[in-house]
Structures are given as structure tokens and as C-alpha cells.
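Undergrad: As input, take structure01.pdb (PDB, C-alpha atoms):
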MODEL        1
ATOM      1  CA  MET G  25      -7.151  -9.233   4.430
ATOM      2  CA  THR G  26      -4.511 -11.652   5.529
ATOM      3  CA  ASP G  27      -0.906 -10.444   5.016
ATOM      4  CA  THR G  28       1.393  -9.877   6.237
ATOM      5  CA  THR G  29      -0.616  -6.628   7.324
ATOM      6  CA  SER G  30      -4.324  -6.230   7.174
ATOM      7  CA  SER G  31      -7.547  -7.684   8.491
ATOM      8  CA  MET G  32     -10.501  -8.182   6.224
ATOM      9  CA  LYS G  33     -12.571 -11.293   5.825
ATOM     10  CA  HIS G  34     -10.217 -14.202   5.404
ATOM     11  CA  PRO G  35     -10.708 -17.944   5.339
ATOM     12  CA  THR G  36     -10.320 -20.152   8.367
ATOM     13  CA  PRO G  37      -7.319 -22.400   7.765
ATOM     14  CA  LEU G  38      -7.793 -26.132   7.559
ATOM     15  CA  THR G  39      -6.207 -27.982  10.433
ATOM     16  CA  SER G  40      -5.600 -31.531   9.300
ATOM     17  CA  GLY G  41      -6.243 -34.156   6.681
ATOM     18  CA  ASP G  42      -5.355 -34.848   3.073
ATOM     19  CA  PHE G  43      -5.250 -31.583   1.104
ATOM     20  CA  THR G  44      -6.916 -33.283  -1.868
ATOM     21  CA  ALA G  45     -10.087 -33.576   0.236
ATOM     22  CA  ALA G  46     -10.466 -29.770   0.484
ATOM     23  CA  GLU G  47     -13.734 -28.449  -0.970
ATOM     24  CA  GLU G  48     -12.694 -24.811  -1.516
ATOM     25  CA  PRO G  49      -9.309 -23.220  -2.179
ATOM     26  CA  PHE G  50      -8.961 -20.227   0.150
ATOM     27  CA  ALA G  51      -8.819 -22.132   3.437
ATOM     28  CA  LEU G  52      -6.333 -24.544   1.896
ATOM     29  CA  PHE G  53      -4.169 -21.674   0.639
ATOM     30  CA  SER G  54      -4.310 -20.093   4.100
ATOM     31  CA  GLU G  55      -3.104 -23.341   5.675
ATOM     32  CA  TRP G  56      -0.260 -23.773   3.202
ATOM     33  CA  PHE G  57       0.786 -20.128   3.474
ATOM     34  CA  ASN G  58       0.886 -20.289   7.275
ATOM     35  CA  GLU G  59       3.120 -23.350   7.058
ATOM     36  CA  ALA G  60       5.367 -21.588   4.533
ATOM     37  CA  ARG G  61       5.754 -18.627   6.893
ATOM     38  CA  THR G  62       7.443 -20.944   9.397
ATOM     39  CA  SER G  63       9.533 -22.973   6.946
ATOM     40  CA  GLU G  64      10.705 -20.644   4.169
ATOM     41  CA  PRO G  65      14.030 -18.907   4.914
ATOM     42  CA  ASN G  66      13.057 -15.762   2.973
ATOM     43  CA  ASP G  67       9.853 -14.117   1.721
ATOM     44  CA  PRO G  68       7.178 -16.819   1.893
ATOM     45  CA  ASN G  69       4.869 -14.231   0.279
ATOM     46  CA  ALA G  70       7.046 -14.015  -2.855
ATOM     47  CA  MET G  71       5.150 -14.899  -6.004
ATOM     48  CA  ALA G  72       5.881 -14.898  -9.715
ATOM     49  CA  LEU G  73       3.524 -12.528 -11.539
ATOM     50  CA  ALA G  74       2.927 -13.184 -15.246
ATOM     51  CA  THR G  75       1.389 -10.628 -17.623
ATOM     52  CA  VAL G  76       1.512 -10.122 -21.394
ATOM     53  CA  ASP G  77       2.586  -7.122 -23.435
ATOM     54  CA  ALA G  78       0.844  -5.547 -26.427
ATOM     55  CA  ASP G  79       2.340  -8.194 -28.743
ATOM     56  CA  GLY G  80       1.156 -11.048 -26.545
ATOM     57  CA  LEU G  81       4.707 -11.767 -25.355
ATOM     58  CA  PRO G  82       4.649 -13.006 -21.731
ATOM     59  CA  ASP G  83       6.442 -11.143 -18.942
ATOM     60  CA  VAL G  84       7.146 -12.642 -15.539
ATOM     61  CA  ARG G  85       8.789 -11.231 -12.418
ATOM     62  CA  MET G  86       8.807 -11.821  -8.679
ATOM     63  CA  VAL G  87       6.642  -9.570  -6.512
ATOM     64  CA  LEU G  88       5.498  -9.750  -2.902
ATOM     65  CA  MET G  89       1.913 -10.574  -1.998
ATOM     66  CA  LYS G  90       0.815  -7.986   0.548
ATOM     67  CA  GLY G  91      -2.590  -9.411   1.387
ATOM     68  CA  PHE G  92      -5.108 -12.069   0.481
ATOM     69  CA  ASP G  93      -8.672 -12.965   1.326
ATOM     70  CA  THR G  94     -11.655 -14.478  -0.455
ATOM     71  CA  ASP G  95     -11.678 -11.480  -2.830
ATOM     72  CA  GLY G  96      -8.197 -12.193  -4.146
ATOM     73  CA  PHE G  97      -4.444 -11.664  -3.881
ATOM     74  CA  VAL G  98      -2.967  -8.160  -3.637
ATOM     75  CA  PHE G  99       0.386  -6.626  -4.560
ATOM     76  CA  TYR G 100       1.640  -3.045  -4.986
ATOM     77  CA  SER G 101       3.901  -1.251  -7.439
ATOM     78  CA  HIS G 102       4.190   1.781  -9.713
ATOM     79  CA  ILE G 103       1.290   2.255 -12.120
ATOM     80  CA  ALA G 104       3.673   3.356 -14.892
ATOM     81  CA  SER G 105       5.900   0.295 -14.465
ATOM     82  CA  GLN G 106       5.984  -2.334 -17.183
ATOM     83  CA  LYS G 107       3.645  -4.578 -15.202
ATOM     84  CA  GLY G 108       1.315  -1.662 -14.534
ATOM     85  CA  GLN G 109       1.087  -0.729 -18.210
ATOM     86  CA  GLU G 110       0.525  -4.345 -19.235
ATOM     87  CA  LEU G 111      -2.224  -4.825 -16.649
ATOM     88  CA  ALA G 112      -3.912  -1.597 -17.787
ATOM     89  CA  ALA G 113      -4.000  -2.892 -21.370
ATOM     90  CA  ASN G 114      -4.865  -6.520 -20.508
ATOM     91  CA  PRO G 115      -6.156  -6.853 -16.930
ATOM     92  CA  LYS G 116      -5.524 -10.568 -16.509
ATOM     93  CA  ALA G 117      -2.628 -12.285 -14.770
ATOM     94  CA  ALA G 118      -1.202 -15.518 -13.437
ATOM     95  CA  LEU G 119       0.603 -16.062 -10.134
ATOM     96  CA  LEU G 120       2.890 -18.802  -8.892
ATOM     97  CA  PHE G 121       3.925 -19.458  -5.308
ATOM     98  CA  HIS G 122       6.771 -21.962  -4.934
ATOM     99  CA  TRP G 123       7.663 -23.048  -1.412
ATOM    100  CA  LYS G 124      10.750 -25.172  -1.875
ATOM    101  CA  SER G 125      11.015 -26.050   1.814
ATOM    102  CA  LEU G 126       7.569 -27.682   1.640
ATOM    103  CA  ARG G 127       7.886 -29.067  -1.900
ATOM    104  CA  ARG G 128       4.664 -27.295  -2.811
ATOM    105  CA  GLN G 129       3.463 -24.778  -5.331
ATOM    106  CA  VAL G 130       0.218 -22.913  -5.978
ATOM    107  CA  ARG G 131      -0.780 -21.572  -9.405
ATOM    108  CA  ILE G 132      -3.437 -18.855  -9.684
ATOM    109  CA  ARG G 133      -5.089 -17.286 -12.751
ATOM    110  CA  GLY G 134      -7.749 -14.624 -13.079
ATOM    111  CA  PRO G 135      -8.793 -11.059 -13.853
ATOM    112  CA  VAL G 136      -7.091  -8.107 -12.211
ATOM    113  CA  THR G 137      -8.580  -4.910 -10.760
ATOM    114  CA  PRO G 138      -6.921  -1.914  -9.073
ATOM    115  CA  VAL G 139      -7.232  -1.642  -5.310
ATOM    116  CA  THR G 140      -9.006   1.390  -3.913
ATOM    117  CA  ALA G 141      -7.122   4.570  -3.035
ATOM    118  CA  ALA G 142      -7.934   3.927   0.632
ATOM    119  CA  GLU G 143      -6.405   0.451   0.463
ATOM    120  CA  ALA G 144      -3.276   1.779  -1.220
ATOM    121  CA  ASP G 145      -2.961   4.585   1.331
ATOM    122  CA  GLU G 146      -3.378   2.145   4.225
ATOM    123  CA  TYR G 147      -0.682  -0.194   2.976
ATOM    124  CA  PHE G 148       1.740   2.583   1.932
ATOM    125  CA  ALA G 149       1.598   3.963   5.478
ATOM    126  CA  THR G 150       2.981   0.656   6.797
ATOM    127  CA  ARG G 151       6.114   0.723   4.628
ATOM    128  CA  PRO G 152       9.449   1.781   6.146
ATOM    129  CA  LYS G 153      10.089   5.463   5.564
ATOM    130  CA  GLN G 154      13.107   4.808   3.341
ATOM    131  CA  ALA G 155      10.953   2.552   1.141
ATOM    132  CA  GLN G 156       8.296   5.274   0.969
ATOM    133  CA  ILE G 157      10.924   7.789  -0.154
ATOM    134  CA  GLY G 158      12.241   5.279  -2.672
ATOM    135  CA  ALA G 159       8.777   5.055  -4.221
ATOM    136  CA  TRP G 160       8.925   8.801  -4.902
ATOM    137  CA  ALA G 161      12.489   8.650  -6.251
ATOM    138  CA  SER G 162      12.087   5.654  -8.569
ATOM    139  CA  LYS G 163      10.809   5.916 -12.141
ATOM    140  CA  GLN G 164      10.248   2.173 -12.208
ATOM    141  CA  SER G 165      11.029   0.337 -15.454
ATOM    142  CA  GLN G 166      12.520   3.506 -17.037
ATOM    143  CA  PRO G 167      16.182   3.711 -18.138
ATOM    144  CA  LEU G 168      18.557   4.873 -15.371
ATOM    145  CA  GLU G 169      21.769   6.640 -16.342
ATOM    146  CA  SER G 170      23.665   5.606 -13.196
ATOM    147  CA  ARG G 171      23.269   4.374  -9.638
ATOM    148  CA  PHE G 172      24.555   7.750  -8.473
ATOM    149  CA  ALA G 173      21.658   9.499 -10.232
ATOM    150  CA  PHE G 174      19.219   7.274  -8.345
ATOM    151  CA  GLU G 175      20.942   7.982  -5.035
ATOM    152  CA  GLN G 176      20.726  11.699  -5.769
ATOM    153  CA  ALA G 177      16.996  11.366  -6.417
ATOM    154  CA  ILE G 178      16.574   9.477  -3.138
ATOM    155  CA  ALA G 179      18.475  12.193  -1.267
ATOM    156  CA  LYS G 180      16.370  14.918  -2.885
ATOM    157  CA  GLU G 181      13.091  13.238  -1.975
ATOM    158  CA  GLY G 182      14.389  12.401   1.488
ATOM    159  CA  ALA G 183      15.108  16.075   2.152
ATOM    160  CA  LYS G 184      11.466  16.909   1.327
ATOM    161  CA  TYR G 185      10.149  14.459   3.884
ATOM    162  CA  LEU G 186      12.827  14.742   6.546
ATOM    163  CA  ILE G 187      10.108  15.476   9.101
ATOM    164  CA  GLY G 188       6.574  14.140   9.134
ATOM    165  CA  GLU G 189       4.722  11.484   7.187
ATOM    166  CA  VAL G 190       5.452  10.588   3.577
ATOM    167  CA  PRO G 191       2.309  10.662   1.393
ATOM    168  CA  ARG G 192       1.659   7.973  -1.190
ATOM    169  CA  PRO G 193       2.862   8.998  -4.664
ATOM    170  CA  PRO G 194      -0.055   9.422  -7.097
ATOM    171  CA  GLY G 195       1.592   6.964  -9.490
ATOM    172  CA  TRP G 196       1.950   4.184  -6.926
ATOM    173  CA  SER G 197      -0.880   1.791  -6.111
ATOM    174  CA  GLY G 198      -1.891  -1.856  -6.080
ATOM    175  CA  TRP G 199      -3.810  -4.579  -7.868
ATOM    176  CA  ARG G 200      -5.997  -7.498  -6.841
ATOM    177  CA  ILE G 201      -5.999 -10.776  -8.766
ATOM    178  CA  THR G 202      -9.391 -12.467  -8.345
ATOM    179  CA  PRO G 203      -8.824 -16.151  -9.082
ATOM    180  CA  VAL G 204     -10.937 -18.261 -11.377
ATOM    181  CA  ARG G 205      -8.352 -21.079 -11.314
ATOM    182  CA  ILE G 206      -6.246 -22.184  -8.336
ATOM    183  CA  GLU G 207      -4.074 -25.269  -8.572
ATOM    184  CA  PHE G 208      -2.346 -26.900  -5.591
ATOM    185  CA  TRP G 209       0.686 -29.061  -6.354
ATOM    186  CA  HIS G 210       2.552 -31.263  -3.884
ATOM    187  CA  ASP G 211       5.722 -33.151  -4.659
ATOM    188  CA  ARG G 212       5.647 -36.950  -4.456
ATOM    189  CA  PRO G 213       8.436 -39.507  -5.019
ATOM    190  CA  PHE G 214       9.200 -40.594  -8.589
ATOM    191  CA  ARG G 215       7.359 -37.509  -9.928
ATOM    192  CA  LEU G 216       3.979 -39.015  -9.011
ATOM    193  CA  HIS G 217       2.834 -35.652  -7.714
ATOM    194  CA  ASP G 218      -0.567 -34.657  -6.336
ATOM    195  CA  ARG G 219      -2.382 -31.889  -8.252
ATOM    196  CA  ILE G 220      -5.790 -30.447  -7.422
ATOM    197  CA  GLU G 221      -7.321 -27.600  -9.437
ATOM    198  CA  PHE G 222     -10.283 -25.491  -8.301
ATOM    199  CA  ARG G 223     -12.235 -23.790 -11.093
ATOM    200  CA  ARG G 224     -15.104 -21.300 -11.330
ATOM    201  CA  GLU G 225     -16.646 -19.179 -14.046
ATOM    202  CA  ALA G 226     -16.294 -15.844 -12.234
ATOM    203  CA  ALA G 227     -15.943 -14.290  -8.794
ATOM    204  CA  GLY G 228     -18.833 -15.371  -6.623
ATOM    205  CA  SER G 229     -19.507 -18.519  -8.631
ATOM    206  CA  ALA G 230     -19.321 -21.956  -7.054
ATOM    207  CA  TRP G 231     -16.005 -23.768  -7.192
ATOM    208  CA  SER G 232     -15.587 -27.142  -8.864
ATOM    209  CA  LYS G 233     -12.616 -29.374  -8.131
ATOM    210  CA  VAL G 234     -10.624 -31.534 -10.542
ATOM    211  CA  ARG G 235      -7.811 -33.915  -9.767
ATOM    212  CA  MET G 236      -5.080 -33.663 -12.397
ATOM    213  CA  TYR G 237      -2.525 -36.142 -13.683
ATOM    214  CA  PRO G 238       1.006 -35.097 -12.620
TER     215      PRO G 238
ENDMDL
END
Here is a file; write its structure as C-alpha cells.
TA:
Amino acid sequence: MTDTTSSMKHPTPLTSGDFTAAEEPFALFSEWFNEARTSEPNDPNAMALATVDADGLPDVRMVLMKGFDTDGFVFYSHIASQKGQELAANPKAALLFHWKSLRRQVRIRGPVTPVTAAEADEYFATRPKQAQIGAWASKQSQPLESRFAFEQAIAKEGAKYLIGEVPRPPGWSGWRITPVRIEFWHDRPFRLHDRIEFRREAAGSAWSKVRMYP
């Protein structure tokens, strides 16, 4: 898996040419992401994650993509968080990458599945120790009486793991969005933008490509 951190099967980036000539989306995404890693001042892997609650009301927040390959796009968080509860009830999501420095964006939609325990363990082990301790201390999306209470919880968990490795909390894991729609958007003068959407019925199906009006 390409990341920022891991190595599974991942697409070979395209090297040149008009992006609208691409025949499949993963190599094109890999090319654009690699360019964003050199041009974005902060967090080129930041993406907006959209879910819906039990009433169908949309929720959106920024998360960090921690890996991608031809199986999908992966991020991690607390299972009991608002996003985690919404994905458990309705395992579908949309993503948006916006790279302002490149005047590009990528929209992704598809079903969501949990990553394996082994994948979650592998990624959690790469996090800075203070971030690992924070995952134990945080009751994500729950009311917090004060910042001091959170700092006390961090100190308490930190004392437990002063020496040695920090295990992954049982309530912390990740999800994989497997795209069935991927749209590439590139800014053009006078709002005459280029838009290409790749579509498929399900994972493993052949992609079709449609050029969209801006």
C-alpha cells in the first residue's frame, strides 16, 4: 500500500501526457498524489471524509489518508467516534482531495470495509509514542469537561506505557474505501475546467470513463 507508510500492490504512476487520456484511475491518482507531495505546504494526504448519520444528515471532516492501492484508500480512527458509528450503520462514504497548489481535486465514492487487525496493528506501531498514548486517552467525539481533564488522562496513560511498546487500543482501527467512482478535476481559465470520471459497478469490475462538462 502506498502511503505514506506501507508497501502492498500499488499502481505504477503515469509519467507524461494529458491526464484525460488515462484509461484507469489508480495510476493517475498515484501521479497526482506524488506531485502533491512535493507542492503542498502541509498534509498532501489530507482528505475530506463524508458520511451520513441515522437521519440521513451528511457529516464531513478532514482525515489523513494513511495508504492507498488498487484495493482502496485507508484511514484510521476510533471505532466509537461519530464517523465510526456512522460507517458501522451505513458503510458507504465519499472522499475529496483538494490540492490547491496544483489547482486539482479528486472525488471518490464507494463502499467501506474495516481493515484487518494485522493492518491496524502494523500502522499503529508506526505512530509516534505520544500519539499512541493519545489514542488510549481520547474518548473521541464524546463530551470533554475540560482540557485539563484530557491532559490528566494523557498523563495517566503515559505512566502505564513509560517503558516498552504501546499496544493498539481495542477501540481504534481503520477503514478502507473501495471506489466505484473516481473523478479527476483540473482547473482551467474562465472556469472551463477539465473533469474525467471513472465508473465501475463494483470492486474488480472494469472501469468506464466519462468526460464531464465543468
Undergrad: Rounded to one decimal, what separation in Å do you get between atom CA of G:Val98 and atom CA of G:Glu175?
TA: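 Between atom CA of G:Val98 and atom CA of G:Glu175 the gap is 28.9 Å.
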Undergrad: Determine, counting all atoms listed in the file, which protein, DNA and RNA residues have an atom within 9 Å of an atom of stretch 124-132 of chain G; residues of the same chain fewer than 3 positions away are not included. Present the result as a PyMOL selection string.
TA: chain G and resi 53+56+59-60+63-65+117-121+201-212+221
Undergrad: List the spatial neighbours of G:Lys107 as a ChimeraX atom specification - criterion: any atom at most 9 Å away, all atoms listed in the file, same-chain residues fewer than 5 positions off excluded.
TA: /G:73-77,83-85,101-102,112,165
Undergrad: Just to confirm, what's the straight-line distance from atom CA of G:Lys184 to atom CA of G:Trp160 in Å (one decimal)?
TA: 10.5 Å
Undergrad: For a test of reading the model, state the distance in Å between atom CA of G:Leu52 and atom CA of G:Phe92, rounded to one decimal.
TA: 12.6 Å
Undergrad: Using only C-alpha atoms, which residues sit within 6 Å of G:Val136 once same-chain residues fewer than 4 positions away are excluded, as a ChimeraX atom specification?
TA: /G:115-116,200-201
Undergrad: What residues come out when you apply the PyMOL selection byres ((chain G and resi 181) around 10) to this file, written as a list in words?
TA: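 On this input, the PyMOL selection byres ((chain G and resi 181) around 10) captures Gln154, Gln156, Ile157, Gly158, Ala159, Trp160, Ala161, Glu175, Gln176, Ala177, Ile178, Ala179, Lys180, Gly182, Ala183, Lys184, Tyr185, Leu186 and Val190 of chain G.
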